[in-house]
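What follows is upload_23.cif (mmCIF, N, CA and C atoms).
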data_work
loop_
_atom_site.label_atom_id
_atom_site.label_comp_id
_atom_site.auth_asym_id
_atom_site.auth_seq_id
_atom_site.Cartn_x
_atom_site.Cartn_y
_atom_site.Cartn_z
N MET S 1 -6.80 1.38 -7.40
CA MET S 1 -7.96 1.32 -8.25
C MET S 1 -9.19 0.95 -7.44
N ALA S 2 -9.45 1.71 -6.44
CA ALA S 2 -10.57 1.42 -5.56
C ALA S 2 -11.91 1.61 -6.27
N PHE S 3 -11.92 2.25 -7.41
CA PHE S 3 -13.18 2.49 -8.11
C PHE S 3 -13.88 1.18 -8.47
N ALA S 4 -13.12 0.11 -8.66
CA ALA S 4 -13.73 -1.17 -9.04
C ALA S 4 -14.59 -1.73 -7.92
N GLY S 5 -14.25 -1.43 -6.68
CA GLY S 5 -15.02 -1.92 -5.54
C GLY S 5 -16.00 -0.90 -5.00
N HIS S 6 -16.15 0.24 -5.71
CA HIS S 6 -17.04 1.31 -5.28
C HIS S 6 -16.75 1.71 -3.83
N CYS S 7 -15.47 1.83 -3.51
CA CYS S 7 -15.09 2.24 -2.16
C CYS S 7 -13.95 3.23 -2.25
N GLY S 8 -13.58 3.76 -1.12
CA GLY S 8 -12.46 4.67 -1.04
C GLY S 8 -11.29 3.99 -0.36
N LEU S 9 -10.24 4.74 -0.17
CA LEU S 9 -9.05 4.24 0.51
C LEU S 9 -8.66 5.22 1.60
N ASP S 10 -8.27 4.70 2.73
CA ASP S 10 -7.74 5.51 3.82
C ASP S 10 -6.23 5.29 3.81
N ILE S 11 -5.49 6.22 3.20
CA ILE S 11 -4.06 6.07 2.97
C ILE S 11 -3.28 7.01 3.88
N ASP S 12 -2.18 6.51 4.43
CA ASP S 12 -1.27 7.30 5.26
C ASP S 12 0.15 6.96 4.83
N VAL S 13 0.78 7.83 4.07
CA VAL S 13 2.13 7.56 3.57
C VAL S 13 3.22 8.16 4.45
N ARG S 14 2.86 8.59 5.64
CA ARG S 14 3.87 9.17 6.54
C ARG S 14 4.90 8.14 6.99
N THR S 15 4.60 6.85 6.87
CA THR S 15 5.55 5.82 7.27
C THR S 15 6.59 5.55 6.20
N ILE S 16 6.43 6.14 5.02
CA ILE S 16 7.36 5.96 3.91
C ILE S 16 8.34 7.13 3.89
N ALA S 17 9.62 6.83 3.63
CA ALA S 17 10.63 7.88 3.56
C ALA S 17 10.34 8.83 2.40
N GLY S 18 10.60 10.11 2.59
CA GLY S 18 10.36 11.11 1.55
C GLY S 18 8.98 11.70 1.68
N SER S 19 8.73 12.71 0.86
CA SER S 19 7.43 13.38 0.91
C SER S 19 6.37 12.52 0.23
N ALA S 20 5.12 12.81 0.51
CA ALA S 20 4.01 12.08 -0.10
C ALA S 20 4.07 12.22 -1.62
N VAL S 21 4.38 13.41 -2.12
CA VAL S 21 4.45 13.63 -3.56
C VAL S 21 5.56 12.77 -4.16
N GLU S 22 6.72 12.72 -3.50
CA GLU S 22 7.83 11.90 -4.00
C GLU S 22 7.45 10.42 -4.05
N GLN S 23 6.72 9.95 -3.06
CA GLN S 23 6.37 8.54 -3.01
C GLN S 23 5.22 8.17 -3.95
N LEU S 24 4.21 9.00 -4.01
CA LEU S 24 3.04 8.68 -4.83
C LEU S 24 3.26 8.89 -6.32
N PHE S 25 4.23 9.73 -6.68
CA PHE S 25 4.48 10.02 -8.08
C PHE S 25 5.90 9.67 -8.50
N ALA S 26 6.50 8.68 -7.84
CA ALA S 26 7.85 8.22 -8.18
C ALA S 26 7.82 7.50 -9.53
N GLU S 27 8.95 7.50 -10.22
CA GLU S 27 9.04 6.83 -11.51
C GLU S 27 9.39 5.35 -11.37
N GLU S 28 9.75 4.91 -10.18
CA GLU S 28 10.05 3.51 -9.96
C GLU S 28 8.76 2.71 -9.92
N PRO S 29 8.80 1.50 -10.45
CA PRO S 29 7.59 0.67 -10.37
C PRO S 29 7.27 0.28 -8.93
N GLY S 30 6.03 0.12 -8.65
CA GLY S 30 5.59 -0.28 -7.31
C GLY S 30 4.28 -1.01 -7.40
N VAL S 31 3.83 -1.49 -6.28
CA VAL S 31 2.58 -2.23 -6.25
C VAL S 31 1.92 -2.01 -4.90
N VAL S 32 0.60 -1.97 -4.91
CA VAL S 32 -0.20 -1.91 -3.69
C VAL S 32 -1.08 -3.14 -3.68
N LEU S 33 -0.99 -3.91 -2.62
CA LEU S 33 -1.79 -5.12 -2.48
C LEU S 33 -2.79 -4.95 -1.36
N GLN S 34 -3.99 -5.44 -1.55
CA GLN S 34 -4.95 -5.51 -0.46
C GLN S 34 -4.84 -6.91 0.12
N VAL S 35 -4.49 -6.98 1.40
CA VAL S 35 -4.23 -8.24 2.09
C VAL S 35 -5.13 -8.34 3.31
N PRO S 36 -5.79 -9.46 3.53
CA PRO S 36 -6.58 -9.62 4.75
C PRO S 36 -5.68 -9.48 5.98
N VAL S 37 -6.19 -8.85 7.02
CA VAL S 37 -5.41 -8.64 8.24
C VAL S 37 -4.84 -9.96 8.75
N ALA S 38 -5.58 -11.04 8.64
CA ALA S 38 -5.11 -12.35 9.11
C ALA S 38 -3.89 -12.85 8.35
N SER S 39 -3.67 -12.34 7.14
CA SER S 39 -2.54 -12.78 6.32
C SER S 39 -1.38 -11.78 6.29
N LEU S 40 -1.53 -10.67 6.96
CA LEU S 40 -0.55 -9.59 6.89
C LEU S 40 0.85 -10.05 7.30
N ASP S 41 0.98 -10.73 8.43
CA ASP S 41 2.30 -11.17 8.88
C ASP S 41 2.94 -12.13 7.88
N ALA S 42 2.16 -13.01 7.30
CA ALA S 42 2.69 -13.96 6.31
C ALA S 42 3.18 -13.23 5.06
N VAL S 43 2.42 -12.24 4.60
CA VAL S 43 2.80 -11.51 3.40
C VAL S 43 4.06 -10.68 3.66
N LEU S 44 4.10 -9.97 4.79
CA LEU S 44 5.30 -9.19 5.11
C LEU S 44 6.49 -10.11 5.31
N GLY S 45 6.29 -11.28 5.90
CA GLY S 45 7.36 -12.26 6.06
C GLY S 45 7.89 -12.73 4.72
N ALA S 46 7.01 -12.96 3.76
CA ALA S 46 7.43 -13.36 2.42
C ALA S 46 8.23 -12.25 1.74
N CYS S 47 7.82 -11.02 1.95
CA CYS S 47 8.57 -9.89 1.39
C CYS S 47 9.99 -9.86 1.96
N HIS S 48 10.11 -10.04 3.26
CA HIS S 48 11.44 -10.07 3.89
C HIS S 48 12.25 -11.26 3.38
N ALA S 49 11.63 -12.41 3.24
CA ALA S 49 12.33 -13.61 2.79
C ALA S 49 12.88 -13.45 1.37
N HIS S 50 12.23 -12.61 0.57
CA HIS S 50 12.65 -12.43 -0.82
C HIS S 50 13.46 -11.15 -1.02
N GLY S 51 13.88 -10.52 0.05
CA GLY S 51 14.82 -9.42 -0.04
C GLY S 51 14.28 -8.03 -0.24
N PHE S 52 12.98 -7.83 -0.13
CA PHE S 52 12.47 -6.47 -0.26
C PHE S 52 11.57 -6.07 0.90
N GLY S 53 11.77 -6.72 2.03
CA GLY S 53 10.98 -6.40 3.21
C GLY S 53 11.18 -5.00 3.72
N ASP S 54 12.37 -4.43 3.47
CA ASP S 54 12.62 -3.06 3.92
C ASP S 54 11.83 -2.04 3.11
N ARG S 55 11.25 -2.46 1.99
CA ARG S 55 10.45 -1.57 1.16
C ARG S 55 8.96 -1.94 1.19
N ALA S 56 8.58 -2.83 2.09
CA ALA S 56 7.19 -3.27 2.19
C ALA S 56 6.61 -2.81 3.52
N GLY S 57 5.36 -2.41 3.50
CA GLY S 57 4.71 -1.99 4.74
C GLY S 57 3.25 -1.67 4.51
N VAL S 58 2.59 -1.35 5.57
CA VAL S 58 1.17 -1.02 5.53
C VAL S 58 1.02 0.48 5.30
N ILE S 59 0.24 0.86 4.28
CA ILE S 59 0.03 2.28 4.01
C ILE S 59 -1.44 2.68 4.12
N GLY S 60 -2.33 1.72 4.35
CA GLY S 60 -3.73 2.11 4.44
C GLY S 60 -4.67 0.92 4.47
N SER S 61 -5.94 1.25 4.28
CA SER S 61 -6.99 0.24 4.29
C SER S 61 -8.17 0.74 3.47
N PRO S 62 -9.01 -0.19 3.04
CA PRO S 62 -10.22 0.24 2.31
C PRO S 62 -11.13 1.06 3.22
N ALA S 63 -11.83 1.99 2.64
CA ALA S 63 -12.78 2.81 3.38
C ALA S 63 -14.20 2.37 3.01
N ALA S 64 -15.15 2.85 3.72
CA ALA S 64 -16.56 2.49 3.48
C ALA S 64 -16.97 2.79 2.04
N ALA S 65 -17.90 2.04 1.56
CA ALA S 65 -18.40 2.21 0.20
C ALA S 65 -18.89 3.64 -0.01
N MET S 66 -18.58 4.17 -1.16
CA MET S 66 -18.99 5.52 -1.51
C MET S 66 -20.27 5.44 -2.34
N ARG S 67 -21.21 6.26 -2.05
CA ARG S 67 -22.47 6.28 -2.81
C ARG S 67 -22.76 7.66 -3.30
#
If you took the structure in this file and wrote it as structure tokens, what would it be?
Amino acid sequence: MAFAGHCGLDIDVRTIAGSAVEQLFAEEPGVVLQVPVASLDAVLGACHAHGFGDRAGVIGSPAAAMR
């Protein structure tokens, strides 16, 4: 929901198994979090500690504001 920040997203889903269509339009629930780079290791570590680290990873970053 990048529209709330008036910005775009630079997304690369090639690191996720399956095709982009399969991943972006899957029926399984998912979540995308925006995490500061300084906190990335801690967040990924928490994902691993709670048993879903194999399904967590970086897929992109915010892009410059769109006008």
Selection near range 35-47 of chain S, 7 Å with all atoms listed in the file, sequence-local residues under 6 positions removed, as a CSV table (one decimal) with N, CA and C atoms, in the frame of the given file:
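And here's result.csv as it stands now:
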chain,number,residue,atom,x,y,z
S,53,GLY,N,11.8,-6.7,2.0
S,53,GLY,CA,11.0,-6.4,3.2
S,53,GLY,C,11.2,-5.0,3.7
S,54,ASP,N,12.4,-4.4,3.5
S,54,ASP,CA,12.6,-3.1,3.9
S,54,ASP,C,11.8,-2.0,3.1
S,56,ALA,N,8.6,-2.8,2.1
S,56,ALA,CA,7.2,-3.3,2.2
S,56,ALA,C,6.6,-2.8,3.5
S,57,GLY,N,5.4,-2.4,3.5
S,57,GLY,CA,4.7,-2.0,4.7
S,57,GLY,C,3.2,-1.7,4.5
Might you pull out every residue within 7 Å of Ser61 in chain S, with only N, CA and C atoms counted and same-chain residues fewer than 5 positions away left off, and present them as a JSON list (two decimals) with N, CA and C atoms, in the frame of the given file?
[["chain", "number", "residue", "atom", "x", "y", "z"],
["S", 8, "GLY", "N", -13.58, 3.76, -1.12],
["S", 8, "GLY", "CA", -12.46, 4.67, -1.04],
["S", 8, "GLY", "C", -11.29, 3.99, -0.36],
["S", 9, "LEU", "N", -10.24, 4.74, -0.17],
["S", 9, "LEU", "CA", -9.05, 4.24, 0.51],
["S", 9, "LEU", "C", -8.66, 5.22, 1.60],
["S", 10, "ASP", "N", -8.27, 4.70, 2.73],
["S", 10, "ASP", "CA", -7.74, 5.51, 3.82],
["S", 10, "ASP", "C", -6.23, 5.29, 3.81],
["S", 11, "ILE", "N", -5.49, 6.22, 3.20],
["S", 11, "ILE", "CA", -4.06, 6.07, 2.97],
["S", 11, "ILE", "C", -3.28, 7.01, 3.88],
["S", 12, "ASP", "N", -2.18, 6.51, 4.43],
["S", 12, "ASP", "CA", -1.27, 7.30, 5.26],
["S", 12, "ASP", "C", 0.15, 6.96, 4.83]]
What is the atom N of Val31 in chain S-atom N of Ala64 in chain S distance in Å, reported with one decimal?
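Those two atoms sit 21.9 Å apart.
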Pairwise distance, atom C of His48 in chain S with atom C of Gly60 in chain S, equals 20.9 Å
Using DSSP on the backbone, list every residue of chain S that comes out as helix (DSSP H, G or I), and give them as a VMD selection string.
chain S and resid 2 to 5 13 to 15 20 to 24 37 to 49 53 to 55
Just the number, please: distance in Å from atom N of Val13 in chain S to atom N of Ile59 in chain S, one decimal.
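Between atom N of Val13 in chain S and atom N of Ile59 in chain S the gap works out to 7.0 Å.
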Around all listed atoms of range 16-22 of chain S, padded 3 Å per side, what centre and edge lengths does the axis-aligned box have in Å to one decimal, as AutoDock Vina command-line options?
--center_x 7.3 --center_y 9.8 --center_z 0.4 --size_x 12.6 --size_y 13.7 --size_z 15.2
As a list in words, please: every residue in chain S that DSSP puts in strand (DSSP E or B).
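Result set for chain S (strand (DSSP E or B)): Cys7, Gly8, Leu9, Asp10, Ile11, Gly60, Ser61, Pro62, Ala63, Ala64 and Ala65 of chain S.
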